[in-house]
Amino acid sequence: MIAYVTVGADDIPRAKRFYTAFLPALGYGLTEGAEGLSFALPVPEGQVPMFPDFYVKPTYNGQPATAGNGAMVAFEATDQKQVRDLHAAALAAGGSDEGQPGFRASYGPRFYVGYLRDPQGNKIALFSSSPNDPERDD
């Protein structure tokens, strides 16, 4: 099980604007501190935390943050409409488009996904596989 994912950011306020444009809509709460941004799902009383948490932090070695080549973090949305809405919100909050929301021929018939880059260049996917939404026509 993945416990957490961390991405580096040189401009935490800019990263906050980007990530708060969509992560709260997926249920993530935000805690801020000197160490950066911490996004976590709420923990109902008497329950164990749901993973993974997502952290946006300055680099520990003080060098500029860089995006990993081939690295990507994917967040699951409730449906195709939410994928489209959150993709648009993230673009408006300073992200860049890496692939408009839609189906991809190489994925399953229900896998609906949009791709973004955060302001630092980290690749983010927003996807849904909801059985209540239309599937891809082959």
# chains A, B, ... in the order shown; residues from 1 in each chain; ligands from 1
$ select_by_dssp --residues "range 31-122 of chain A" --states "alpha helix (DSSP H)" --output "MDAnalysis selection string"
chainID A and resid 80:92
$ closest_atom_pairs --of "range 1-77 of chain A" --to "range 116-133 of chain A" --cutoff "12 Å" --atoms "only C-alpha atoms" --output "Markdown table"
| residue | atom | partner | partner_atom | distance |
| --- | --- | --- | --- | --- |
| A:Val5 | CA | A:Ile124 | CA | 11.9 |
| A:Thr6 | CA | A:Asn122 | CA | 10.5 |
| A:Val7 | CA | A:Asn122 | CA | 7.3 |
| A:Gly8 | CA | A:Gln120 | CA | 7.7 |
| A:Ala9 | CA | A:Gln120 | CA | 5.9 |
| A:Asp10 | CA | A:Gln120 | CA | 7.3 |
| A:Asp11 | CA | A:Gln120 | CA | 8.0 |
| A:Ile12 | CA | A:Gln120 | CA | 9.8 |
| A:Pro13 | CA | A:Pro119 | CA | 10.4 |
| A:Arg14 | CA | A:Pro119 | CA | 7.0 |
| A:Ala15 | CA | A:Pro119 | CA | 6.4 |
| A:Lys16 | CA | A:Pro119 | CA | 9.9 |
| A:Arg17 | CA | A:Pro119 | CA | 9.5 |
| A:Phe18 | CA | A:Asp118 | CA | 6.7 |
| A:Tyr19 | CA | A:Asp118 | CA | 8.0 |
| A:Thr20 | CA | A:Asp118 | CA | 11.5 |
| A:Ala21 | CA | A:Asp118 | CA | 11.1 |
| A:Phe22 | CA | A:Leu126 | CA | 9.4 |
| A:Leu23 | CA | A:Leu126 | CA | 10.2 |
| A:Ala25 | CA | A:Leu126 | CA | 11.8 |
| A:Leu26 | CA | A:Leu126 | CA | 10.1 |
| A:Phe54 | CA | A:Ile124 | CA | 11.9 |
| A:Val56 | CA | A:Gln120 | CA | 10.4 |
| A:Lys57 | CA | A:Gln120 | CA | 11.2 |
| A:Pro58 | CA | A:Gln120 | CA | 11.0 |
| A:Pro64 | CA | A:Gln120 | CA | 9.9 |
| A:Ala65 | CA | A:Gln120 | CA | 7.4 |
| A:Thr66 | CA | A:Gln120 | CA | 7.0 |
| A:Ala67 | CA | A:Asn122 | CA | 4.7 |
| A:Gly68 | CA | A:Asn122 | CA | 6.9 |
| A:Asn69 | CA | A:Asn122 | CA | 8.9 |
| A:Gly70 | CA | A:Lys123 | CA | 8.5 |
| A:Ala71 | CA | A:Lys123 | CA | 6.9 |
| A:Met72 | CA | A:Lys123 | CA | 4.9 |
| A:Val73 | CA | A:Ile124 | CA | 5.1 |
| A:Ala74 | CA | A:Ala125 | CA | 4.4 |
| A:Phe75 | CA | A:Leu126 | CA | 5.0 |
| A:Glu76 | CA | A:Phe127 | CA | 5.1 |
| A:Ala77 | CA | A:Ser128 | CA | 5.2 |
$ select_by_dssp --residues "chain A" --states "strand (DSSP E or B)" --output "number ranges by chain"
A: 4-8, 29-33, 36-40, 53-57, 72-76, 96-103, 112-117, 123-128
$ residues_around --residues "Ala40 in chain A" --least-positions-apart "3" --cutoff "6 Å" --atoms "only C-alpha atoms" --output "list in words"
Tyr28, Gly29 and Asp53 of chain A
$ closest_residue --among "A:Gly36, A:Pro134, A:Gly27, A:Gly46" --to "Phe103 in chain A" --atoms "only C-alpha atoms"
A:Pro134
$ closest_residue --among "A:Ala34, A:Asp138, A:Tyr115, A:Pro24" --to "Gly95 in chain A" --atoms "only C-alpha atoms"
A:Tyr115
$ atom_distance --atom1 "CA of Arg136 in chain A" --atom2 "CA of Phe51 in chain A"
29.7 Å
